[in-house]
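The next block is start19.cif, given as mmCIF, C-alpha atoms.
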data_entry
loop_
_atom_site.label_atom_id
_atom_site.label_comp_id
_atom_site.auth_asym_id
_atom_site.auth_seq_id
_atom_site.Cartn_x
_atom_site.Cartn_y
_atom_site.Cartn_z
CA MET A 1 0.00 0.00 0.00
CA SER A 2 1.31 3.46 -0.91
CA SER A 3 2.43 5.71 1.94
CA ILE A 4 1.00 8.69 0.02
CA LYS A 5 -2.69 9.24 0.65
CA ALA A 6 -5.21 11.80 -0.61
CA PRO A 7 -5.06 15.14 1.26
CA ARG A 8 -7.52 15.70 4.09
CA GLY A 9 -10.90 16.84 2.87
CA VAL A 10 -10.79 15.21 -0.58
CA ARG A 11 -11.78 11.74 -1.65
CA ASP A 12 -11.85 9.36 -4.59
CA ILE A 13 -15.17 8.77 -6.33
CA LEU A 14 -14.87 5.05 -7.03
CA PRO A 15 -16.75 2.95 -9.62
CA GLY A 16 -19.28 1.80 -7.01
CA GLU A 17 -20.44 5.41 -6.67
CA SER A 18 -19.40 7.15 -9.88
CA TRP A 19 -22.22 5.55 -11.89
CA LYS A 20 -24.67 7.28 -9.55
CA TRP A 21 -23.00 10.60 -10.33
CA GLU A 22 -23.34 9.89 -14.03
CA HIS A 23 -27.07 9.33 -13.54
CA VAL A 24 -27.35 12.74 -11.84
CA PHE A 25 -25.42 14.41 -14.68
CA SER A 26 -27.52 12.63 -17.31
CA VAL A 27 -30.79 13.83 -15.75
CA THR A 28 -29.32 17.31 -15.30
CA ARG A 29 -28.32 17.51 -18.95
CA LYS A 30 -31.83 16.55 -20.08
CA VAL A 31 -33.51 19.08 -17.76
CA ALA A 32 -31.08 21.78 -18.90
CA GLY A 33 -31.97 21.14 -22.53
CA ASP A 34 -35.69 21.18 -21.77
CA PHE A 35 -35.35 24.65 -20.22
CA GLY A 36 -33.08 26.01 -22.97
CA TYR A 37 -29.79 26.03 -21.02
CA ARG A 38 -26.50 25.24 -22.81
CA GLU A 39 -23.44 23.69 -21.23
CA VAL A 40 -20.13 25.53 -20.82
CA HIS A 41 -16.81 24.35 -19.37
CA LEU A 42 -14.99 26.92 -17.26
CA PRO A 43 -11.42 27.14 -15.89
CA VAL A 44 -10.71 25.52 -12.54
CA PHE A 45 -8.64 28.54 -11.46
CA GLU A 46 -9.15 32.26 -12.05
CA HIS A 47 -7.48 35.53 -11.08
CA THR A 48 -7.99 36.01 -7.34
CA GLU A 49 -9.60 39.42 -7.76
CA LEU A 50 -12.54 37.84 -9.61
CA PHE A 51 -13.64 36.24 -6.35
CA SER A 52 -12.45 38.90 -3.90
CA ARG A 53 -14.37 41.58 -5.83
CA GLY A 54 -17.25 39.43 -7.05
CA VAL A 55 -18.00 37.19 -4.07
CA GLY A 56 -17.12 39.84 -1.47
CA GLU A 57 -14.02 40.51 0.62
CA THR A 58 -15.94 40.20 3.91
CA THR A 59 -17.44 36.78 3.17
CA ASP A 60 -16.16 33.64 4.87
CA VAL A 61 -15.38 32.22 1.43
CA VAL A 62 -12.88 34.97 0.61
CA GLU A 63 -11.56 35.57 4.13
CA LYS A 64 -11.09 31.98 5.26
CA GLU A 65 -11.77 29.35 2.60
CA MET A 66 -10.08 30.13 -0.72
CA TYR A 67 -7.12 28.17 -2.07
CA THR A 68 -4.93 31.00 -3.39
CA PHE A 69 -1.41 30.77 -4.81
CA GLU A 70 1.05 32.68 -6.98
CA ASP A 71 2.09 31.29 -10.33
CA ARG A 72 5.65 31.46 -11.67
CA SER A 73 5.03 35.00 -12.92
CA GLY A 74 3.86 36.22 -9.51
CA ARG A 75 0.17 36.45 -10.47
CA SER A 76 -2.31 35.65 -7.70
CA LEU A 77 -4.61 32.82 -8.76
CA THR A 78 -7.38 31.02 -6.89
CA LEU A 79 -8.98 27.62 -7.31
CA ARG A 80 -12.62 28.46 -7.90
CA PRO A 81 -14.76 28.31 -4.73
CA GLU A 82 -17.99 28.76 -6.73
CA LEU A 83 -19.11 29.21 -10.34
CA SER A 84 -21.36 32.27 -10.61
CA ALA A 85 -18.48 34.76 -10.75
CA SER A 86 -16.68 32.64 -13.34
CA MET A 87 -19.86 32.35 -15.41
CA VAL A 88 -20.40 36.12 -15.42
CA ARG A 89 -16.73 36.69 -16.26
CA SER A 90 -17.11 34.33 -19.23
CA TYR A 91 -20.34 36.06 -20.30
CA LEU A 92 -18.60 39.46 -20.33
CA GLU A 93 -15.32 38.31 -21.85
CA ASN A 94 -16.97 36.40 -24.68
CA ARG A 95 -19.50 39.17 -25.43
CA MET A 96 -22.51 36.98 -24.89
CA ASP A 97 -24.51 40.20 -24.49
CA LYS A 98 -24.51 40.33 -28.32
CA GLN A 99 -26.50 37.10 -28.43
CA HIS A 100 -30.12 36.40 -27.57
CA GLN A 101 -30.83 37.46 -23.98
CA PRO A 102 -30.83 36.10 -21.40
CA ALA A 103 -27.88 33.80 -21.97
CA LYS A 104 -28.91 30.53 -20.31
CA LEU A 105 -25.83 28.58 -19.25
CA TRP A 106 -25.01 25.60 -17.05
CA SER A 107 -21.86 23.89 -15.95
CA ALA A 108 -20.63 21.20 -13.58
CA GLY A 109 -17.29 20.54 -11.98
CA PRO A 110 -15.15 20.64 -8.85
CA MET A 111 -14.99 23.63 -6.47
CA PHE A 112 -12.47 24.19 -3.71
CA ARG A 113 -12.96 25.58 -0.20
CA TYR A 114 -10.86 25.16 2.91
CA GLU A 115 -13.60 24.00 5.29
CA ARG A 116 -13.81 21.48 8.11
CA PRO A 117 -14.53 18.17 6.38
CA GLN A 118 -17.74 16.42 7.42
CA LYS A 119 -20.33 14.08 5.96
CA GLY A 120 -21.38 15.38 2.56
CA ARG A 121 -18.95 18.33 2.70
CA TYR A 122 -15.41 18.22 1.34
CA ARG A 123 -12.63 20.63 0.46
CA GLN A 124 -12.93 19.57 -3.15
CA PHE A 125 -16.62 19.24 -3.95
CA TRP A 126 -18.66 19.11 -7.13
CA GLN A 127 -21.43 21.49 -8.05
CA ILE A 128 -24.03 21.74 -10.78
CA ASP A 129 -24.54 25.39 -11.64
CA PHE A 130 -27.28 27.12 -13.67
CA GLU A 131 -27.16 30.81 -14.60
CA ALA A 132 -29.44 33.02 -16.71
CA ILE A 133 -27.65 36.29 -17.45
CA GLY A 134 -28.99 39.41 -19.12
CA SER A 135 -32.55 39.91 -17.82
CA GLN A 136 -34.10 41.36 -14.66
CA ASP A 137 -37.57 39.91 -15.30
CA PRO A 138 -38.94 38.32 -12.08
CA LEU A 139 -40.36 35.49 -14.20
CA LEU A 140 -36.74 34.46 -14.80
CA ASP A 141 -36.42 34.02 -11.03
CA VAL A 142 -39.51 31.83 -11.11
CA GLU A 143 -38.11 29.80 -14.00
CA SER A 144 -34.81 29.25 -12.17
CA ILE A 145 -36.65 27.98 -9.10
CA GLU A 146 -38.93 25.79 -11.22
CA LEU A 147 -35.90 24.37 -13.05
CA SER A 148 -34.31 23.34 -9.75
CA LEU A 149 -37.57 21.80 -8.58
CA GLU A 150 -37.99 19.90 -11.85
CA LEU A 151 -34.43 18.59 -11.62
CA PHE A 152 -35.03 17.21 -8.15
CA ARG A 153 -38.44 15.83 -9.12
CA ARG A 154 -36.88 13.84 -11.96
CA LEU A 155 -34.17 12.60 -9.63
CA GLY A 156 -36.92 11.29 -7.36
CA LEU A 157 -36.46 13.52 -4.31
CA SER A 158 -39.50 13.88 -2.06
CA ASN A 159 -41.31 16.68 -0.21
CA LEU A 160 -39.70 19.53 -2.13
CA GLU A 161 -40.17 22.95 -0.58
CA VAL A 162 -38.78 26.37 -1.46
CA LEU A 163 -37.57 28.89 1.10
CA VAL A 164 -37.52 32.34 -0.47
CA ASN A 165 -36.58 35.84 0.62
CA SER A 166 -35.63 39.20 -0.85
CA VAL A 167 -32.35 40.75 0.30
CA GLY A 168 -33.04 44.06 -1.43
CA CYS A 169 -30.69 46.12 -3.57
CA PRO A 170 -28.07 48.86 -3.06
CA ALA A 171 -30.89 51.41 -2.80
CA CYS A 172 -32.75 49.80 0.11
CA ARG A 173 -30.13 47.62 1.74
CA PRO A 174 -28.57 50.55 3.69
CA VAL A 175 -31.96 51.11 5.33
CA HIS A 176 -32.04 47.53 6.55
CA ARG A 177 -28.37 47.66 7.51
CA LYS A 178 -28.99 50.60 9.85
CA ALA A 179 -32.13 49.04 11.32
CA LEU A 180 -30.29 45.78 11.90
CA GLN A 181 -27.30 47.48 13.53
CA ASP A 182 -29.60 49.51 15.78
CA PHE A 183 -31.29 46.26 16.82
CA LEU A 184 -28.02 44.38 17.39
CA LYS A 185 -26.00 47.07 19.15
CA PRO A 186 -27.43 46.42 22.66
CA ARG A 187 -26.84 42.68 22.11
CA LEU A 188 -23.40 42.97 20.52
CA GLU A 189 -21.37 41.53 23.40
CA GLU A 190 -23.60 38.45 23.54
CA LEU A 191 -22.94 37.53 19.89
CA CYS A 192 -20.21 35.08 18.91
CA GLU A 193 -16.79 36.42 17.95
CA SER A 194 -17.43 35.99 14.22
CA CYS A 195 -20.69 37.92 14.37
CA ARG A 196 -19.11 40.73 16.40
CA GLY A 197 -16.57 41.04 13.59
CA ARG A 198 -19.38 41.20 11.03
CA PHE A 199 -21.28 43.95 12.85
CA ASP A 200 -19.53 46.85 11.08
CA ARG A 201 -18.43 45.12 7.89
CA ASN A 202 -21.40 42.96 6.91
CA PRO A 203 -24.17 42.80 9.55
CA LEU A 204 -26.56 40.97 7.20
CA ARG A 205 -24.35 37.88 7.51
CA ILE A 206 -25.14 37.72 11.24
CA LEU A 207 -28.60 36.46 10.28
CA ASP A 208 -26.92 33.49 8.59
CA CYS A 209 -24.95 32.45 11.68
CA LYS A 210 -25.53 28.84 12.79
CA ASN A 211 -24.60 29.53 16.43
CA PRO A 212 -27.76 28.82 18.52
CA THR A 213 -27.11 31.83 20.77
CA CYS A 214 -26.82 34.18 17.79
CA GLN A 215 -29.93 32.70 16.23
CA ALA A 216 -31.91 33.31 19.41
CA LEU A 217 -30.59 36.87 19.78
CA THR A 218 -31.58 37.74 16.21
CA GLU A 219 -34.97 36.01 16.19
CA ASP A 220 -36.85 39.32 16.25
CA ALA A 221 -34.37 41.26 14.11
CA PRO A 222 -35.78 43.57 11.40
CA SER A 223 -36.43 41.63 8.20
CA THR A 224 -35.05 42.65 4.83
CA ILE A 225 -38.60 42.54 3.43
CA SER A 226 -39.73 45.28 5.83
CA CYS A 227 -37.09 47.61 4.36
CA LEU A 228 -37.49 46.97 0.63
CA CYS A 229 -37.74 49.84 -1.82
CA ASP A 230 -40.75 49.97 -4.15
CA GLU A 231 -38.89 48.28 -7.02
CA CYS A 232 -37.64 45.38 -4.88
CA ALA A 233 -41.02 44.97 -3.21
CA ALA A 234 -42.77 44.78 -6.60
CA HIS A 235 -40.16 42.29 -7.85
CA PHE A 236 -40.63 40.06 -4.81
CA ASP A 237 -44.42 40.19 -5.15
CA ALA A 238 -44.10 39.09 -8.77
CA VAL A 239 -41.84 36.19 -7.78
CA ARG A 240 -44.28 34.97 -5.13
CA LYS A 241 -47.21 35.24 -7.54
CA GLY A 242 -45.23 33.30 -10.15
CA LEU A 243 -44.38 30.53 -7.69
CA ALA A 244 -48.04 30.26 -6.68
CA MET A 245 -49.00 30.15 -10.36
CA ILE A 246 -46.79 27.10 -11.05
CA GLY A 247 -47.95 25.38 -7.87
CA ALA A 248 -44.59 25.48 -6.08
CA SER A 249 -44.68 24.90 -2.33
CA PHE A 250 -42.82 27.84 -0.82
CA GLU A 251 -42.35 29.72 2.41
CA VAL A 252 -40.93 33.18 3.01
CA ASP A 253 -37.89 32.91 5.30
CA ASN A 254 -36.73 36.25 6.69
CA ARG A 255 -33.43 34.74 7.84
CA LEU A 256 -32.44 33.50 4.41
CA VAL A 257 -29.65 35.81 3.23
CA ARG A 258 -27.19 33.36 1.56
CA GLY A 259 -23.46 33.53 2.20
CA LEU A 260 -22.19 35.59 -0.74
CA ASP A 261 -22.29 39.36 -1.13
CA TYR A 262 -23.41 39.48 -4.75
CA TYR A 263 -27.02 38.50 -4.09
CA THR A 264 -29.70 41.14 -4.75
CA LYS A 265 -33.46 40.79 -4.50
CA THR A 266 -34.41 37.10 -4.69
CA ALA A 267 -32.58 34.54 -2.56
CA TYR A 268 -33.83 30.98 -2.21
CA GLU A 269 -33.11 27.41 -1.15
CA VAL A 270 -34.81 24.12 -2.01
CA LEU A 271 -35.36 21.61 0.79
CA SER A 272 -36.11 17.91 0.40
CA GLY A 273 -36.99 15.13 2.82
CA GLU A 274 -39.24 14.34 5.73
CA LEU A 275 -40.73 17.28 7.59
CA GLY A 276 -38.45 18.27 10.45
CA ALA A 277 -35.44 16.61 8.88
CA GLN A 278 -35.17 18.25 5.48
CA ASN A 279 -31.92 18.78 3.64
CA ALA A 280 -31.08 21.89 1.63
CA VAL A 281 -30.25 20.47 -1.80
CA CYS A 282 -29.61 23.74 -3.63
CA GLY A 283 -29.39 27.48 -3.14
CA GLY A 284 -29.37 30.48 -5.39
CA GLY A 285 -30.79 33.86 -6.22
CA ARG A 286 -30.45 37.05 -8.21
CA TYR A 287 -27.17 38.94 -8.58
CA ASP A 288 -27.87 42.08 -10.61
CA ASN A 289 -24.65 43.85 -9.56
CA LEU A 290 -22.11 41.05 -9.85
CA ALA A 291 -20.98 42.08 -13.34
CA GLU A 292 -20.35 45.66 -12.18
CA SER A 293 -18.35 44.48 -9.16
CA ILE A 294 -15.85 42.76 -11.48
CA GLY A 295 -15.55 45.72 -13.83
CA GLY A 296 -18.30 45.07 -16.36
CA PRO A 297 -21.48 46.96 -17.26
CA HIS A 298 -24.69 46.53 -15.31
CA THR A 299 -25.86 43.03 -16.21
CA PRO A 300 -28.64 41.35 -14.20
CA GLY A 301 -28.54 37.64 -13.59
CA MET A 302 -30.24 34.79 -11.77
CA GLY A 303 -29.04 31.31 -10.93
CA PHE A 304 -28.49 28.47 -8.47
CA ALA A 305 -25.95 25.82 -7.54
CA ALA A 306 -26.43 22.32 -6.15
CA GLY A 307 -23.76 20.09 -4.62
CA VAL A 308 -23.47 16.71 -6.31
CA GLU A 309 -22.29 14.98 -3.13
CA ARG A 310 -25.32 16.34 -1.26
CA ILE A 311 -27.70 15.30 -4.06
CA VAL A 312 -26.36 11.73 -4.18
CA LEU A 313 -26.38 11.42 -0.38
CA THR A 314 -29.97 12.68 -0.17
CA MET A 315 -31.07 10.35 -2.96
CA GLU A 316 -29.50 7.40 -1.15
CA GLU A 317 -31.20 8.37 2.12
CA GLN A 318 -34.57 8.58 0.37
CA GLY A 319 -34.13 5.35 -1.58
CA CYS A 320 -34.26 7.03 -4.98
CA SER A 321 -33.42 5.06 -8.10
CA PHE A 322 -30.17 5.68 -9.94
CA GLY A 323 -31.14 3.36 -12.78
CA GLU A 324 -29.10 0.27 -13.54
CA PRO A 325 -25.38 0.22 -12.73
CA PRO A 326 -23.10 -0.42 -15.70
CA ARG A 327 -22.28 -4.04 -16.26
CA CYS A 328 -20.63 -6.36 -18.73
CA ASP A 329 -23.00 -7.98 -21.27
CA ILE A 330 -20.75 -10.80 -22.48
CA PHE A 331 -17.62 -12.25 -20.91
CA VAL A 332 -15.42 -14.06 -23.41
CA VAL A 333 -13.63 -17.13 -22.04
CA HIS A 334 -10.79 -18.84 -23.93
CA ALA A 335 -10.23 -22.48 -23.02
CA ASP A 336 -6.46 -22.46 -23.63
CA ASP A 337 -3.65 -20.44 -25.15
CA SER A 338 -4.38 -21.72 -28.65
CA SER A 339 -7.86 -20.16 -28.43
CA LEU A 340 -6.71 -16.73 -27.27
CA ASP A 341 -6.55 -15.06 -30.70
CA ALA A 342 -10.06 -16.23 -31.59
CA ALA A 343 -11.34 -15.00 -28.23
CA VAL A 344 -9.81 -11.56 -28.72
CA SER A 345 -11.32 -11.34 -32.21
CA ALA A 346 -14.79 -12.28 -30.89
CA LEU A 347 -14.48 -9.77 -28.05
CA TYR A 348 -13.71 -6.89 -30.40
CA ASP A 349 -16.58 -7.86 -32.71
CA ILE A 350 -18.91 -7.72 -29.69
CA ARG A 351 -17.64 -4.30 -28.64
CA ARG A 352 -17.78 -2.84 -32.15
CA ALA A 353 -21.43 -3.92 -32.28
CA GLY A 354 -22.16 -1.69 -29.27
CA MET A 355 -22.29 -4.33 -26.56
CA ALA A 356 -20.22 -4.38 -23.39
CA GLY A 357 -17.69 -7.19 -23.46
CA ASP A 358 -14.69 -8.23 -21.37
CA MET A 359 -12.26 -11.08 -20.80
CA ASP A 360 -9.70 -12.21 -18.25
CA TYR A 361 -6.21 -10.72 -18.60
CA THR A 362 -4.50 -12.36 -15.62
CA GLY A 363 -3.39 -15.60 -17.28
CA ARG A 364 -5.16 -17.71 -14.67
CA THR A 365 -6.69 -21.16 -15.05
CA LEU A 366 -9.84 -21.88 -17.06
CA ARG A 367 -11.74 -22.47 -13.81
CA ALA A 368 -10.61 -19.06 -12.51
CA ARG A 369 -11.66 -17.42 -15.78
CA PHE A 370 -15.16 -18.85 -15.42
CA LYS A 371 -15.25 -17.60 -11.84
CA THR A 372 -14.32 -14.12 -13.03
CA ALA A 373 -17.04 -14.31 -15.72
CA GLY A 374 -19.63 -15.08 -13.06
CA ALA A 375 -18.45 -12.24 -10.82
CA SER A 376 -18.50 -9.74 -13.71
CA GLY A 377 -22.29 -9.54 -13.75
CA ALA A 378 -22.36 -10.53 -17.40
CA ALA A 379 -25.48 -12.16 -18.78
CA PHE A 380 -23.55 -14.62 -20.95
CA ALA A 381 -20.15 -16.26 -21.19
CA CYS A 382 -18.90 -16.79 -24.72
CA VAL A 383 -16.60 -19.83 -24.60
CA LEU A 384 -14.00 -20.51 -27.27
CA GLY A 385 -11.80 -23.61 -27.29
CA PRO A 386 -10.21 -25.90 -29.91
CA GLU A 387 -13.51 -27.70 -30.52
CA GLU A 388 -15.41 -24.46 -31.08
CA ILE A 389 -12.77 -23.10 -33.40
CA ALA A 390 -12.73 -26.32 -35.43
CA SER A 391 -16.53 -26.31 -35.79
CA GLY A 392 -16.82 -22.58 -36.51
CA LYS A 393 -19.08 -22.12 -33.49
CA VAL A 394 -18.94 -20.74 -29.95
CA THR A 395 -20.50 -22.08 -26.79
CA LEU A 396 -22.80 -19.48 -25.28
CA LYS A 397 -23.52 -20.05 -21.59
CA ASP A 398 -26.32 -18.21 -19.83
CA LEU A 399 -24.67 -17.23 -16.55
CA ARG A 400 -28.04 -16.79 -14.84
CA SER A 401 -29.63 -20.15 -15.72
CA GLY A 402 -26.53 -22.18 -16.55
CA GLU A 403 -27.99 -23.27 -19.91
CA GLN A 404 -25.60 -23.63 -22.84
CA GLN A 405 -26.05 -23.61 -26.61
CA ALA A 406 -23.84 -23.61 -29.67
CA VAL A 407 -24.00 -20.54 -31.93
CA GLY A 408 -22.26 -20.10 -35.26
CA ARG A 409 -19.29 -17.77 -34.99
CA ALA A 410 -20.56 -15.66 -37.90
CA GLU A 411 -24.00 -15.35 -36.31
CA LEU A 412 -22.73 -14.56 -32.79
CA VAL A 413 -23.18 -10.78 -32.81
CA GLY A 414 -26.62 -10.89 -34.39
CA PHE A 415 -27.80 -13.59 -31.98
CA LEU A 416 -26.52 -11.69 -28.92
CA LYS A 417 -28.43 -8.60 -29.97
CA THR A 418 -31.66 -10.62 -29.90
CA VAL A 419 -31.14 -12.01 -26.38
CA LEU A 420 -29.65 -9.01 -24.56
#

Final structure tokens representation of the file:
Amino acid sequence: MSSIKAPRGVRDILPGESWKWEHVFSVTRKVAGDFGYREVHLPVFEHTELFSRGVGETTDVVEKEMYTFEDRSGRSLTLRPELSASMVRSYLENRMDKQHQPAKLWSAGPMFRYERPQKGRYRQFWQIDFEAIGSQDPLLDVESIELSLELFRRLGLSNLEVLVNSVGCPACRPVHRKALQDFLKPRLEELCESCRGRFDRNPLRILDCKNPTCQALTEDAPSTISCLCDECAAHFDAVRKGLAMIGASFEVDNRLVRGLDYYTKTAYEVLSGELGAQNAVCGGGRYDNLAESIGGPHTPGMGFAAGVERIVLTMEEQGCSFGEPPRCDIFVVHADDSSLDAAVSALYDIRRAGMAGDMDYTGRTLRARFKTAGASGAAFACVLGPEEIASGKVTLKDLRSGEQQAVGRAELVGFLKTVL
């Protein structure tokens, strides 16, 4: 066994699990197409300022969790901790504003955050990300939420519920900021150390604190909704009416602020599971000022991200189907060394015909090769020995029933297609 192991907080996705991931990606790709979203592949690392300016310098992500390094030319680069900033950067750089708006994009891949590893949360984790950039229509918010709900419906998740809030905009957020600080000031010393540090820099994030004491102290804090300007209030009303129109189960959550600074107006999460024990399976919202924060023109956008590890874990907990795991259709067994060339030829004919075939490459005994065929999960073993080669036939053994029959070598592929 190697003395070198994977770093703490990362893990290997082995064949026993990776096929489940492929099922999630396959369903995601179909849902994306049905809603008019097109896939893009984005760099794993970006210039650090994209995230410090876009995500927010006072967020935990930027302050504590980013993997940042200098390249050989002294440029500061960061492994991406999320995808929205990268997606907007790509939209601006590639002049997608010249195309039909909004640009509907999706992507999937690994993200990197230095967090305390725990079940379902790793330092390298995979996300599915959907973004619609170039429109401020509240119906786009509704569509984004409906897309996430439809994705989880098709994956088989149960009891889906939306938590939704409005975090306002630069025009009305200062009003809430002052009201919140006025409320918190007499309680400041009772807050946790992190929240005391957020009081001046980013008091809204105090509402997102998971410390039970902080949650109790802020239970009656002023809500963002109570401080919305007319435009944000109208937008939020339109979102709620749209969700009711499509029959989405939703609840307004005044504490829902999300962890990144770029959110404006709509913020939401989707929960799944038994009442009282629901998991958040995705989160997202509107980010109308993200493009400006990274040096671009005002470009509204709306999107969400979902962690693949969390999705798979929740599906397993709920007993959802991942479809059939991949398996071998036909295992080719050669009786002796003189039959090896014929076995290899038959195997490649099977594969070229679009069927999954395999054989033993360890040089073990015939008995061991049959044992490997049985363990492979294959439906049939295709046996080739001197007698079969001389007669121009193969022995086809049904590994489930044990029945055997002789099939002409020339007819093998056609016959297998009729029985598989």

Where does the PyMOL selection byres ((chain A and resi 381) around 9) land in this file, that is, which residues does it pick, as a PyMOL selection string?
chain A and resi 329-333+370+373-374+378-380+382-383+395-399

Selected by the PyMOL selection byres ((chain A and resi 49) around 12) in the shown coordinates: which residues, as JSON, numbers by chain?
{"A": [45, 46, 47, 48, 50, 51, 52, 53, 54, 55, 56, 57, 62, 66, 68, 75, 76, 77, 78, 79, 80, 85, 86, 89, 293, 294, 295]}

So, counting all atoms listed in the file, which residue among A:Arg116, A:His176, A:Arg153, A:His100 is closest to A:Ser226?
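Between A:Arg116, A:His176, A:Arg153, A:His100, the residue approaching A:Ser226 most closely is A:His176.
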
With the file shown as input, list the residues that the PyMOL selection byres ((chain A and resi 347-356) around 9) selects, as a ChimeraX atom specification.
/A:327-332,342-346,357-359,378,382,412-414,416-417,420

Using Å and a single decimal, report how far atom CA of A:Met96 sits from atom CA of A:Glu292.
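Computing the Euclidean distance for atom CA of A:Glu292 and atom CA of A:Met96 yields 15.5 Å.
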
Tell me which of A:Pro297, A:Pro138, A:Pro326, A:Gly273 sits closest to A:Pro15, counting all atoms listed in the file.
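Among the listed residues, the smallest separation from A:Pro15 belongs to A:Pro326.
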
7 Å contact set for A:Tyr122, all atoms listed in the file, chain neighbours under 4 positions out, as a list in words:
Gly9, Val10, Pro117 and Gln118 of chain A

Near A:Gln136, within 10 Å and counting all atoms listed in the file, which residues show up once chain neighbours fewer than 5 positions away are dropped, as number ranges by chain?
A: 102, 141, 235, 286-288, 299-302

At a cut-off of 10 Å, using all atoms listed in the file, what residues contact A:Ser194? Leave out same-chain residues fewer than 2 positions from it and give the result as a PyMOL selection string.
chain A and resi 60+191-192+196-199+205-206+209+211

So which residues fall inside 12 Å of (-42.5, 40.7, 6.1) if we count all atoms listed in the file? Mind giving them as a ChimeraX atom specification?
/A:164-167,220-228,233,236-237,251-255
